[in-house]
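S.K.: upload-v5.txt (compact mmCIF, C-alpha atoms) pasted underneath:
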# COMPACT_ATOMS: atom_id res chain seq x y z
CA MET D 1 94.33 76.39 98.52
CA ALA D 2 90.71 76.06 97.33
CA SER D 3 91.59 77.90 94.11
CA HIS D 4 94.33 75.46 93.20
CA ASN D 5 92.21 72.42 94.15
CA THR D 6 89.77 73.75 91.56
CA ASN D 7 92.68 74.25 89.18
CA SER D 8 93.68 70.61 89.70
CA ILE D 9 90.19 69.46 88.68
CA LEU D 10 90.23 71.76 85.65
CA TRP D 11 93.69 70.49 84.74
CA ARG D 12 92.51 66.85 84.76
CA PHE D 13 89.55 67.86 82.61
CA PHE D 14 91.85 69.69 80.22
CA LEU D 15 94.26 66.75 80.07
CA ALA D 16 91.38 64.41 79.19
CA ILE D 17 90.48 66.72 76.31
CA VAL D 18 94.09 66.78 75.15
CA ILE D 19 94.44 62.98 75.22
CA ALA D 20 91.17 62.54 73.39
CA THR D 21 92.20 65.15 70.85
CA ILE D 22 95.63 63.64 70.17
CA PHE D 23 94.22 60.18 69.58
CA THR D 24 91.23 61.26 67.46
CA PRO D 25 92.31 60.47 63.90
CA ASN D 26 89.61 62.49 62.11
CA LEU D 27 90.79 65.86 63.46
CA SER D 28 93.28 67.89 61.42
CA SER D 29 96.58 68.87 63.02
CA ALA D 30 95.47 72.51 62.97
CA LYS D 31 92.25 71.63 64.81
CA LYS D 32 94.22 69.58 67.37
CA SER D 33 96.57 72.46 67.96
CA LYS D 34 93.65 74.83 68.47
CA ILE D 35 92.01 72.54 71.05
CA ILE D 36 95.28 71.78 72.84
CA GLY D 37 95.97 75.51 73.10
CA LEU D 38 92.52 76.23 74.52
CA LYS D 39 92.63 78.81 77.31
CA MET D 40 96.41 78.91 77.44
CA ASN D 41 98.03 82.34 77.55
CA VAL D 42 100.41 83.41 74.80
CA ILE D 43 103.53 82.26 76.67
CA ASP D 44 102.19 78.77 77.40
CA ARG D 45 100.79 78.35 73.89
CA CYS D 46 104.34 78.81 72.61
CA TRP D 47 105.67 75.55 74.11
CA ARG D 48 103.21 73.53 76.19
CA PRO D 49 101.19 71.95 73.34
CA ASN D 50 104.40 70.36 72.01
CA PRO D 51 104.43 66.75 73.33
CA GLU D 52 108.16 66.64 72.53
CA TRP D 53 109.04 69.64 74.73
CA ARG D 54 111.56 67.56 76.72
CA ARG D 55 113.63 67.05 73.58
CA HIS D 56 113.34 70.74 72.73
CA ARG D 57 113.65 72.44 76.11
CA SER D 58 115.40 75.48 74.71
CA GLN D 59 112.29 76.34 72.68
CA LEU D 60 111.17 77.99 75.92
CA ALA D 61 113.65 80.83 75.34
CA THR D 62 111.60 82.03 72.35
CA CYS D 63 108.36 82.27 74.36
CA SER D 64 108.91 85.23 76.68
CA VAL D 65 107.13 88.54 76.21
CA GLY D 66 107.29 91.96 77.86
CA TYR D 67 110.43 93.85 78.77
CA ALA D 68 112.68 90.77 79.00
CA SER D 69 111.90 90.24 75.31
CA LYS D 70 112.80 86.93 73.63
CA MET D 71 115.63 85.18 75.46
CA LYS D 72 117.53 84.23 72.32
CA ASN D 73 120.90 84.95 73.91
CA ASN D 74 120.31 81.90 76.13
CA ILE D 75 120.33 79.43 73.23
CA GLY D 76 122.47 78.57 70.21
CA ASP D 77 124.93 75.99 68.94
CA ASP D 78 127.27 76.73 71.85
CA LEU D 79 124.63 75.93 74.50
CA ILE D 80 125.93 73.79 77.39
CA HIS D 81 123.39 71.28 78.75
CA TYR D 82 123.87 70.55 82.46
CA LYS D 83 121.96 68.14 84.70
CA VAL D 84 121.68 68.54 88.48
CA THR D 85 122.13 65.12 90.08
CA ASP D 86 123.23 66.11 93.60
CA PRO D 87 121.01 68.24 95.93
CA SER D 88 123.86 69.11 98.30
CA ASP D 89 125.52 72.53 98.39
CA ASP D 90 128.98 73.90 99.09
CA PRO D 91 129.01 77.70 98.70
CA ILE D 92 132.78 77.94 98.16
CA ASN D 93 133.81 74.68 96.47
CA PRO D 94 130.69 73.38 94.72
CA ARG D 95 130.89 69.84 93.38
CA PRO D 96 130.03 68.92 89.78
CA GLY D 97 126.43 67.74 89.65
CA THR D 98 125.18 70.35 92.12
CA LEU D 99 123.03 73.33 91.22
CA ARG D 100 125.67 75.83 92.32
CA TYR D 101 128.29 74.26 90.08
CA GLY D 102 126.05 74.68 87.04
CA ALA D 103 124.77 78.14 87.94
CA SER D 104 127.97 79.78 89.23
CA VAL D 105 131.04 77.84 88.08
CA ILE D 106 130.27 77.01 84.45
CA GLN D 107 130.53 80.07 82.21
CA GLY D 108 128.78 80.57 78.89
CA LYS D 109 125.29 79.62 77.79
CA VAL D 110 124.13 77.01 80.31
CA TRP D 111 120.75 75.23 80.34
CA ILE D 112 120.22 73.50 83.69
CA LYS D 113 117.72 70.70 84.24
CA PHE D 114 117.25 68.25 87.13
CA GLN D 115 117.62 64.47 87.18
CA ARG D 116 114.78 63.85 89.64
CA ASP D 117 112.60 65.43 92.32
CA MET D 118 114.79 67.10 94.93
CA LYS D 119 114.87 69.58 97.77
CA ILE D 120 117.91 71.84 97.80
CA ARG D 121 118.91 73.64 100.98
CA LEU D 122 121.39 76.29 99.91
CA GLU D 123 124.07 77.12 102.48
CA LYS D 124 124.50 80.64 101.05
CA PRO D 125 122.61 82.60 98.35
CA LEU D 126 123.00 81.14 94.87
CA LEU D 127 124.64 83.75 92.60
CA ILE D 128 123.65 82.97 89.02
CA SER D 129 125.96 83.61 86.06
CA SER D 130 124.85 85.44 82.92
CA PHE D 131 123.24 83.41 80.10
CA THR D 132 122.02 80.73 82.53
CA THR D 133 118.62 79.01 82.46
CA ILE D 134 117.37 77.06 85.48
CA ASP D 135 114.62 74.79 84.13
CA GLY D 136 112.67 72.72 86.66
CA ARG D 137 110.09 71.29 84.26
CA GLY D 138 109.23 67.61 84.61
CA VAL D 139 110.32 67.24 88.24
CA ASN D 140 109.46 68.76 91.61
CA VAL D 141 112.35 71.00 92.67
CA ASN D 142 112.19 72.88 95.97
CA ILE D 143 114.76 75.47 97.05
CA ALA D 144 113.82 75.98 100.67
CA ASP D 145 114.60 76.42 104.35
CA ASN D 146 117.69 78.62 104.14
CA ALA D 147 119.35 80.79 101.47
CA CYS D 148 117.74 81.34 98.07
CA LEU D 149 118.48 82.99 94.71
CA MET D 150 120.40 86.17 93.86
CA ILE D 151 120.90 87.63 90.38
CA TYR D 152 123.81 90.00 90.92
CA LYS D 153 125.28 92.18 88.15
CA THR D 154 124.37 89.64 85.47
CA THR D 155 122.14 89.44 82.41
CA ASN D 156 120.10 87.00 80.27
CA ILE D 157 118.79 84.67 82.97
CA ILE D 158 115.68 82.46 82.99
CA ILE D 159 114.23 80.97 86.20
CA HIS D 160 111.45 78.52 85.37
CA GLY D 161 109.49 75.84 87.19
CA ILE D 162 111.00 76.04 90.70
CA ARG D 163 109.30 76.09 94.11
CA ILE D 164 111.09 78.59 96.34
CA HIS D 165 109.96 79.01 99.93
CA HIS D 166 110.94 79.50 103.58
CA CYS D 167 113.96 81.58 102.59
CA LYS D 168 115.91 82.97 105.55
CA ALA D 169 118.18 85.95 106.19
CA GLN D 170 121.90 85.27 105.84
CA ALA D 171 124.90 86.68 107.69
CA PRO D 172 127.83 88.06 105.66
CA GLY D 173 130.24 85.46 104.32
CA MET D 174 132.16 84.10 101.35
CA VAL D 175 130.40 82.55 98.38
CA MET D 176 131.09 81.45 94.82
CA GLY D 177 130.27 84.46 92.62
CA PRO D 178 128.55 84.51 89.24
CA ASN D 179 131.95 84.63 87.51
CA GLY D 180 133.16 81.41 89.13
CA LYS D 181 135.35 83.21 91.67
CA VAL D 182 134.83 83.26 95.43
CA MET D 183 133.73 86.68 96.68
CA PRO D 184 132.51 88.29 99.91
CA LEU D 185 128.75 88.78 100.24
CA GLY D 186 127.13 91.07 102.79
CA GLN D 187 123.98 90.61 104.86
CA VAL D 188 121.08 89.14 102.89
CA ASP D 189 117.50 89.77 104.02
CA GLY D 190 115.77 86.51 103.13
CA ASP D 191 114.11 87.03 99.71
CA ALA D 192 113.16 84.18 97.39
CA ILE D 193 114.69 85.93 94.36
CA ARG D 194 116.61 89.20 94.50
CA LEU D 195 117.85 91.11 91.45
CA ILE D 196 120.72 93.57 91.94
CA THR D 197 121.93 95.58 88.93
CA ALA D 198 120.59 92.84 86.64
CA SER D 199 119.04 93.09 83.18
CA LYS D 200 117.06 90.95 80.74
CA ILE D 201 115.67 88.55 83.35
CA TRP D 202 112.66 86.25 82.90
CA ILE D 203 110.98 84.75 85.99
CA ASP D 204 108.28 82.31 84.82
CA HIS D 205 106.07 79.55 86.28
CA ASN D 206 107.58 79.47 89.77
CA THR D 207 105.77 78.99 93.08
CA LEU D 208 107.00 81.37 95.78
CA TYR D 209 105.79 81.67 99.37
CA ASP D 210 106.52 82.14 103.06
CA CYS D 211 109.93 83.83 103.03
CA GLU D 212 111.47 85.91 105.80
CA ASP D 213 111.56 89.15 103.80
CA GLY D 214 110.00 89.22 100.32
CA LEU D 215 109.39 86.95 97.35
CA LEU D 216 110.90 89.04 94.54
CA ASP D 217 113.04 92.21 94.68
CA VAL D 218 114.12 94.10 91.55
CA THR D 219 116.68 96.63 92.81
CA ARG D 220 119.71 98.86 92.18
CA GLY D 221 119.30 99.66 88.51
CA SER D 222 117.84 96.31 87.41
CA THR D 223 115.68 96.58 84.30
CA ASN D 224 114.11 94.74 81.36
CA VAL D 225 112.45 92.14 83.56
CA THR D 226 109.40 89.95 82.88
CA VAL D 227 107.59 88.25 85.77
CA SER D 228 105.01 85.82 84.37
CA ASN D 229 102.89 82.79 85.28
CA ASN D 230 104.09 82.70 88.89
CA TRP D 231 102.04 81.87 91.97
CA PHE D 232 102.78 84.19 94.88
CA ARG D 233 101.02 83.24 98.11
CA ASP D 234 101.20 83.29 101.93
CA GLN D 235 103.47 86.32 102.20
CA ASP D 236 103.54 89.78 103.79
CA LYS D 237 105.81 91.66 101.33
CA VAL D 238 105.46 90.11 97.89
CA MET D 239 107.26 92.10 95.17
CA LEU D 240 109.48 95.19 95.44
CA LEU D 241 110.44 97.15 92.32
CA GLY D 242 113.04 99.79 93.17
CA HIS D 243 115.73 99.70 95.85
CA ASP D 244 114.89 102.63 98.14
CA ASP D 245 113.66 106.23 97.94
CA GLY D 246 117.23 107.50 97.54
CA TYR D 247 118.28 105.27 94.64
CA VAL D 248 117.47 107.52 91.67
CA ARG D 249 119.04 105.13 89.15
CA ASP D 250 115.87 103.03 89.37
CA GLN D 251 114.19 105.66 87.19
CA ASN D 252 115.27 103.51 84.23
CA MET D 253 113.64 100.34 85.60
CA LYS D 254 111.08 98.64 83.32
CA VAL D 255 109.19 95.54 84.49
CA THR D 256 106.35 93.51 82.97
CA VAL D 257 104.13 91.62 85.44
CA VAL D 258 101.72 89.32 83.54
CA TYR D 259 99.61 86.15 84.07
CA ASN D 260 100.52 85.82 87.75
CA HIS D 261 98.30 84.66 90.62
CA PHE D 262 98.64 86.70 93.81
CA GLY D 263 97.15 85.00 96.86
CA PRO D 264 95.72 83.74 98.99
CA ASN D 265 97.10 85.34 102.14
CA CYS D 266 99.19 88.11 100.58
CA ASN D 267 99.41 91.41 102.46
CA GLN D 268 101.08 94.06 100.26
CA ARG D 269 103.52 94.86 97.42
CA MET D 270 102.00 93.18 94.37
CA PRO D 271 104.08 95.14 93.38
CA ARG D 272 105.41 98.21 95.25
CA ILE D 273 107.15 100.51 92.76
CA ARG D 274 109.79 103.22 93.23
CA TYR D 275 110.78 105.58 90.41
CA GLY D 276 110.47 103.12 87.52
CA TYR D 277 107.72 101.85 85.23
CA ALA D 278 105.64 98.67 85.51
CA HIS D 279 103.13 97.20 83.08
CA VAL D 280 100.89 94.97 85.19
CA ALA D 281 98.48 92.98 83.00
CA ASN D 282 96.13 89.98 83.16
CA ASN D 283 96.97 89.05 86.75
CA LEU D 284 94.63 87.52 89.33
CA TYR D 285 94.52 89.21 92.74
CA GLN D 286 92.95 86.95 95.33
CA GLY D 287 92.57 89.53 98.08
CA TRP D 288 95.08 91.56 100.13
CA LEU D 289 95.34 93.06 103.59
CA GLN D 290 97.04 96.49 103.29
CA TYR D 291 96.98 97.03 99.52
CA ALA D 292 97.70 95.31 96.22
CA ILE D 293 99.74 97.87 94.24
CA GLY D 294 101.65 100.75 95.81
CA GLY D 295 104.42 103.20 95.11
CA SER D 296 106.59 106.18 95.97
CA MET D 297 109.06 108.56 94.28
CA GLU D 298 107.06 109.24 91.11
CA PRO D 299 106.42 105.64 89.99
CA SER D 300 104.58 104.92 86.75
CA LEU D 301 102.12 102.08 86.33
CA LYS D 302 99.74 100.82 83.69
CA SER D 303 97.38 98.34 85.33
CA GLU D 304 95.65 96.61 82.43
CA ALA D 305 92.89 93.99 82.39
CA ASN D 306 93.63 92.53 85.81
CA LEU D 307 91.04 90.89 88.06
CA PHE D 308 91.04 92.42 91.55
CA ILE D 309 88.99 90.47 94.09
CA ALA D 310 88.87 92.51 97.30
CA PRO D 311 89.03 90.78 100.69
CA THR D 312 85.69 90.10 102.36
CA ALA D 313 86.66 92.41 105.23
CA GLY D 314 89.13 95.26 105.54
CA ASN D 315 90.69 97.46 102.87
CA LYS D 316 88.96 97.32 99.49
CA GLU D 317 91.27 99.86 97.84
CA VAL D 318 93.77 98.34 95.42
CA THR D 319 96.34 101.14 95.51
CA TRP D 320 98.54 102.85 98.07
CA ARG D 321 100.91 105.73 97.58
CA LYS D 322 103.55 107.22 99.81
CA ALA D 323 103.64 111.01 99.63
CA SER D 324 107.03 112.71 99.58
CA HIS D 325 108.07 116.08 100.98
CA THR D 326 110.32 116.59 97.97
CA ASN D 327 108.16 115.47 95.07
CA GLY D 328 104.65 115.93 96.44
CA ASP D 329 102.16 113.54 94.94
CA ARG D 330 103.60 113.25 91.44
CA TRP D 331 102.90 109.72 90.33
CA GLU D 332 101.23 108.00 87.39
CA PHE D 333 98.88 105.12 88.22
CA HIS D 334 96.40 104.20 85.50
CA SER D 335 93.76 101.47 85.30
CA VAL D 336 92.69 100.29 81.85
CA GLY D 337 90.12 97.53 81.50
CA ASP D 338 90.59 96.16 85.02
CA VAL D 339 87.72 94.26 86.65
CA PHE D 340 86.92 94.89 90.32
CA GLU D 341 84.98 92.40 92.42
CA ASN D 342 83.74 92.30 96.01
CA GLY D 343 83.91 96.09 96.34
CA ALA D 344 87.48 96.61 95.09
CA SER D 345 88.41 100.12 93.95
CA PHE D 346 91.40 101.77 92.24
CA THR D 347 92.51 105.38 92.79
CA GLU D 348 93.93 106.71 89.54
CA THR D 349 96.11 109.71 88.78
CA LYS D 350 94.04 112.85 88.28
CA GLY D 351 94.54 115.91 86.16
CA ASN D 352 96.71 114.42 83.43
CA GLY D 353 94.26 115.05 80.60
CA GLY D 354 93.47 111.36 80.20
CA ARG D 355 97.03 110.39 79.29
CA VAL D 356 97.85 106.75 79.97
CA CYS D 357 101.44 105.56 80.30
CA LYS D 358 102.35 103.20 77.48
CA PRO D 359 104.76 100.28 77.73
CA ASN D 360 106.20 101.18 74.28
CA TYR D 361 107.20 97.58 73.57
CA ASN D 362 109.20 96.66 70.51
CA GLY D 363 108.17 93.80 68.21
CA GLU D 364 109.77 91.03 70.28
CA GLN D 365 108.36 92.39 73.55
CA ASP D 366 104.81 93.09 72.48
CA PHE D 367 101.83 90.86 73.29
CA GLU D 368 98.07 91.18 73.15
CA VAL D 369 96.49 91.84 76.54
CA SER D 370 93.32 89.75 76.90
CA ASP D 371 90.01 90.87 78.33
CA ALA D 372 90.00 90.79 82.14
CA LYS D 373 87.07 88.34 82.04
CA SER D 374 89.52 85.65 80.89
CA VAL D 375 92.07 86.20 83.68
CA LYS D 376 91.02 83.14 85.71
CA SER D 377 91.62 80.96 82.67
CA LEU D 378 94.89 82.66 81.74
CA THR D 379 96.28 82.18 85.27
CA MET D 380 94.82 78.78 86.10
CA TRP D 381 98.21 77.07 85.60
CA SER D 382 100.25 79.68 87.44
CA GLY D 383 103.15 78.44 89.53
CA ALA D 384 105.47 75.50 88.94
CA LEU D 385 103.69 73.07 86.61
CA ARG D 386 103.11 69.43 87.44
CA CYS D 387 104.04 67.75 84.20
CA SER D 388 102.93 64.26 83.26
CA LYS D 389 105.63 61.58 83.11
CA THR D 390 104.87 60.90 79.47
CA SER D 391 104.36 64.07 77.44
CA MET D 392 102.11 66.96 78.40
CA CYS D 393 103.19 69.74 80.74
Mind turning the file's structure into structure tokens?
M.R.:
Amino acid sequence: MASHNTNSILWRFFLAIVIATIFTPNLSSAKKSKIIGLKMNVIDRCWRPNPEWRRHRSQLATCSVGYASKMKNNIGDDLIHYKVTDPSDDPINPRPGTLRYGASVIQGKVWIKFQRDMKIRLEKPLLISSFTTIDGRGVNVNIADNACLMIYKTTNIIIHGIRIHHCKAQAPGMVMGPNGKVMPLGQVDGDAIRLITASKIWIDHNTLYDCEDGLLDVTRGSTNVTVSNNWFRDQDKVMLLGHDDGYVRDQNMKVTVVYNHFGPNCNQRMPRIRYGYAHVANNLYQGWLQYAIGGSMEPSLKSEANLFIAPTAGNKEVTWRKASHTNGDRWEFHSVGDVFENGASFTETKGNGGRVCKPNYNGEQDFEVSDAKSVKSLTMWSGALRCSKTSMC
């Protein structure tokens, strides 16, 4: 928690600069924008300096980078604005005003916000419909102490600004599906967010910790996912990319992991990759126990300009790989511009002639990776933001 106490002090300092800047008449609007955007990463610079962001919430959809690309399918003239007013939950007959009603019953482009601070204890996993945005900015929303979120066979989903923790395993049962129809759901392990055969998903500025299984699973053919600005802490298994060693379809998986803060008290899987490709850039790693990044079944990784701070005692090696009897040690792990502190080390792929896996982003996915020396600044506001009651977030 020491890191985020420091962040709180830095935030107050930054806010003082912003207030002084806004009310200094002799500064041009361009100069004000430059100061307000100081040290923000490219995603945050897209929307946070706008003091009118509450009136233009859907601007957020144009700010994503990486494999999720811009989330333009989540906005438009036909966008439905929905406000959560009731923290209760009925997994089969959700009432209007509840989160499940907005996320599972309403079909179409839905932008969900929350009336006030609330804690939601889901009775069963929340299955989220395609083209849905869950936007927790401006209030303190906790989904905790039972079931959590599932993105199942859907697309174009944004999860932003939510605190998700103490998620628990669930027995099989009936639940409202993402198409508004009740469906059977099997055993659920207790992840904060689980993606199953999902695509074009953006997970941004959430705080995730202390769940029974993992914090984020991207499985069973899910792809085109961006995981950004989140704070992952106090967890054994953090992030799994790829269902299991037998699920070959995950060869097509592409995930961007950028501007996240891992730690303190994280053990492993930041992420663990099977088959697919991950671009892991500008993240802060605040120690680990077993390893930070691992993989099996020929995974591909470009680790770029991250800051790896090894634990004071124990394993200093960032990577772990699981050898296979069928594929030997064929894997592609590359480190480009990473910074290693406190004795951290990274075992790269050998004998490939210096070839480095590229993300091959298109124009709407591409972003400039910053020097690793700026990672602490780029990630200082990771997790769910505490927005002021007046303007700034």
S.K.: Mind checking which residues fall within 9 Å of D:Thr379, counting only C-alpha atoms, ignoring those fewer than 3 positions away in the same chain, and posting them as a list in words?
M.R.: Met40, Asn41, Asn229, Asn230, Trp231, Tyr259, Asn260, His261, Asn282, Asn283, Leu284, Ser374, Val375, Lys376, Ser382 and Gly383 of chain D
S.K.: For each of D:Trp202, D:Tyr101, D:Trp53, D:Tyr291, take the minimum atom-to-atom distance to D:Val175, counting all atoms listed in the file, then give the residue where this is smallest.
M.R.: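 Of D:Trp202, D:Tyr101, D:Trp53, D:Tyr291, the one nearest D:Val175, counting all atoms listed in the file, is D:Tyr101.
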S.K.: Give me, as a PyMOL selection string, all polymer residues having an atom no more than 9 Å from D:Asn267, counting only C-alpha atoms and skipping those fewer than 2 positions away in the same chain.
M.R.: chain D and resi 234-238+263+265+269-270+287-292
S.K.: From the options D:Glu123, D:Gln107, D:Gly161, D:Gly66, which residue's atoms come nearest to D:Thr256, counting all atoms listed in the file?
M.R.: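 That would be D:Gly66, the residue with the smallest distance to D:Thr256.
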S.K.: Which polymer residues have any atom within 10 Å of an atom of stretch 58-64 of chain D, counting all atoms listed in the file, with same-chain residues fewer than 5 positions away left out, as an mmCIF file with C-alpha atoms, in the frame of the given file?
M.R.:
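Everything below was put into result32.cif:
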data_model
loop_
_atom_site.group_PDB
_atom_site.id
_atom_site.type_symbol
_atom_site.label_atom_id
_atom_site.label_comp_id
_atom_site.auth_asym_id
_atom_site.auth_seq_id
_atom_site.Cartn_x
_atom_site.Cartn_y
_atom_site.Cartn_z
ATOM 1 C CA VAL D 42 100.410 83.410 74.800
ATOM 2 C CA ILE D 43 103.530 82.260 76.670
ATOM 3 C CA ASP D 44 102.190 78.770 77.400
ATOM 4 C CA ARG D 45 100.790 78.350 73.890
ATOM 5 C CA CYS D 46 104.340 78.810 72.610
ATOM 6 C CA TRP D 47 105.670 75.550 74.110
ATOM 7 C CA ARG D 48 103.210 73.530 76.190
ATOM 8 C CA ASN D 50 104.400 70.360 72.010
ATOM 9 C CA TRP D 53 109.040 69.640 74.730
ATOM 10 C CA SER D 69 111.900 90.240 75.310
ATOM 11 C CA LYS D 70 112.800 86.930 73.630
ATOM 12 C CA MET D 71 115.630 85.180 75.460
ATOM 13 C CA LYS D 72 117.530 84.230 72.320
ATOM 14 C CA ASN D 73 120.900 84.950 73.910
ATOM 15 C CA ASN D 74 120.310 81.900 76.130
ATOM 16 C CA ILE D 75 120.330 79.430 73.230
ATOM 17 C CA GLY D 76 122.470 78.570 70.210
ATOM 18 C CA LEU D 79 124.630 75.930 74.500
ATOM 19 C CA HIS D 81 123.390 71.280 78.750
ATOM 20 C CA TRP D 111 120.750 75.230 80.340
ATOM 21 C CA THR D 133 118.620 79.010 82.460
ATOM 22 C CA ASP D 135 114.620 74.790 84.130
ATOM 23 C CA ILE D 157 118.790 84.670 82.970
ATOM 24 C CA ILE D 158 115.680 82.460 82.990
ATOM 25 C CA HIS D 160 111.450 78.520 85.370
ATOM 26 C CA TRP D 202 112.660 86.250 82.900
ATOM 27 C CA ILE D 203 110.980 84.750 85.990
ATOM 28 C CA ASP D 204 108.280 82.310 84.820
ATOM 29 C CA THR D 226 109.400 89.950 82.880
ATOM 30 C CA VAL D 227 107.590 88.250 85.770
ATOM 31 C CA SER D 228 105.010 85.820 84.370
ATOM 32 C CA GLU D 364 109.770 91.030 70.280
ATOM 33 C CA GLN D 365 108.360 92.390 73.550
ATOM 34 C CA ASP D 366 104.810 93.090 72.480
ATOM 35 C CA PHE D 367 101.830 90.860 73.290
#
S.K.: What is the distance, in Å and to one decimal place, between atom CA of D:Ala281 and atom CA of D:Leu208?
M.R.: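 Calculated distance between atom CA of D:Ala281 and atom CA of D:Leu208 is 19.3 Å.
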S.K.: Hey, which bits of stretch 77-169 of chain D sit within 6 Å of stretch 210-223 of chain D, and for each residue what's the closest pair of atoms and how far apart in Å (one decimal), counting all atoms listed in the file, rows by chain and increasing number, as a Markdown table?
M.R.:
| residue | atom | partner | partner_atom | distance |
| --- | --- | --- | --- | --- |
| D:His165 | CA | D:Asp210 | CA | 5.6 |
| D:His166 | CA | D:Cys211 | CA | 4.5 |
| D:Cys167 | CA | D:Cys211 | CA | 4.6 |
| D:Lys168 | CA | D:Glu212 | CA | 5.3 |
S.K.: Those residues with C-alpha atoms, as a short mmCIF file (atom, residue, chain, number, x, y, z; two decimals), in the coordinates of the input please?
M.R.:
data_model
loop_
_atom_site.label_atom_id
_atom_site.label_comp_id
_atom_site.auth_asym_id
_atom_site.auth_seq_id
_atom_site.Cartn_x
_atom_site.Cartn_y
_atom_site.Cartn_z
CA HIS D 165 109.96 79.01 99.93
CA HIS D 166 110.94 79.50 103.58
CA CYS D 167 113.96 81.58 102.59
CA LYS D 168 115.91 82.97 105.55
#
S.K.: Excluding D:Phe340 and its own-chain neighbours fewer than 2 positions away, which residues fall within 8 Å of it when counting all atoms listed in the file? Please give them as a list in words.
M.R.: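 Counting all atoms listed in the file, the residues come to Leu307, Phe308, Ile309, Ala310, Asp338, Asn342, Gly343, Ala344 and Ser345 of chain D.
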S.K.: Quick one: everything within 7 Å of stretch 124-132 of chain D, counting all atoms listed in the file, minus sequence neighbours fewer than 2 positions away in the same chain. Send it as a ChimeraX atom specification.
M.R.: /D:73-74,91,100,103-104,107-111,122,134,147-152,154-158,175,177-179
S.K.: Could you please take those selected residues and save C-alpha atoms as a CSV table (one decimal), in the coordinates of the input?
M.R.:
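File selection-v9.csv, as written:
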chain,number,residue,atom,x,y,z
D,73,ASN,CA,120.9,85.0,73.9
D,74,ASN,CA,120.3,81.9,76.1
D,91,PRO,CA,129.0,77.7,98.7
D,100,ARG,CA,125.7,75.8,92.3
D,103,ALA,CA,124.8,78.1,87.9
D,104,SER,CA,128.0,79.8,89.2
D,107,GLN,CA,130.5,80.1,82.2
D,108,GLY,CA,128.8,80.6,78.9
D,109,LYS,CA,125.3,79.6,77.8
D,110,VAL,CA,124.1,77.0,80.3
D,111,TRP,CA,120.8,75.2,80.3
D,122,LEU,CA,121.4,76.3,99.9
D,134,ILE,CA,117.4,77.1,85.5
D,147,ALA,CA,119.4,80.8,101.5
D,148,CYS,CA,117.7,81.3,98.1
D,149,LEU,CA,118.5,83.0,94.7
D,150,MET,CA,120.4,86.2,93.9
D,151,ILE,CA,120.9,87.6,90.4
D,152,TYR,CA,123.8,90.0,90.9
D,154,THR,CA,124.4,89.6,85.5
D,155,THR,CA,122.1,89.4,82.4
D,156,ASN,CA,120.1,87.0,80.3
D,157,ILE,CA,118.8,84.7,83.0
D,158,ILE,CA,115.7,82.5,83.0
D,175,VAL,CA,130.4,82.6,98.4
D,177,GLY,CA,130.3,84.5,92.6
D,178,PRO,CA,128.6,84.5,89.2
D,179,ASN,CA,132.0,84.6,87.5
S.K.: Provide the atom CA of D:Asn142 to atom CA of D:Thr207 distance in Å, to one decimal place.
M.R.: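 Separation between atom CA of D:Asn142 and atom CA of D:Thr207: 9.3 Å.
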S.K.: Could you tell me which of D:Lys181, D:Phe262, D:Gln251, D:Ala384 comes closest to D:Ile164 if we count only C-alpha atoms?
M.R.: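 Of all the options, D:Ala384 lies closest to D:Ile164.
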S.K.: Nearest residue to D:His279 out of D:Met380, D:Cys387, D:Ala192, D:Val369, using all atoms listed in the file?
M.R.: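 So, comparing all the options, the nearest one is D:Val369.
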S.K.: In Å to one decimal, how far is atom CA of D:Met253 from atom CA of D:Ile201?
M.R.: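 Interatomic distance here is 12.2 Å.
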S.K.: Pick from D:Phe333, D:Asp371, D:Gln170, D:Val182: nearest to D:Asn93, with all atoms listed in the file counted?
M.R.: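 Closest to D:Asn93, using all atoms listed in the file: D:Val182.
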S.K.: Could you check which of D:Tyr67, D:Asn362, D:Lys119, D:Arg54 is closest to D:Arg137, using all atoms listed in the file?
M.R.: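 Among the listed residues, the smallest separation from D:Arg137 belongs to D:Arg54.
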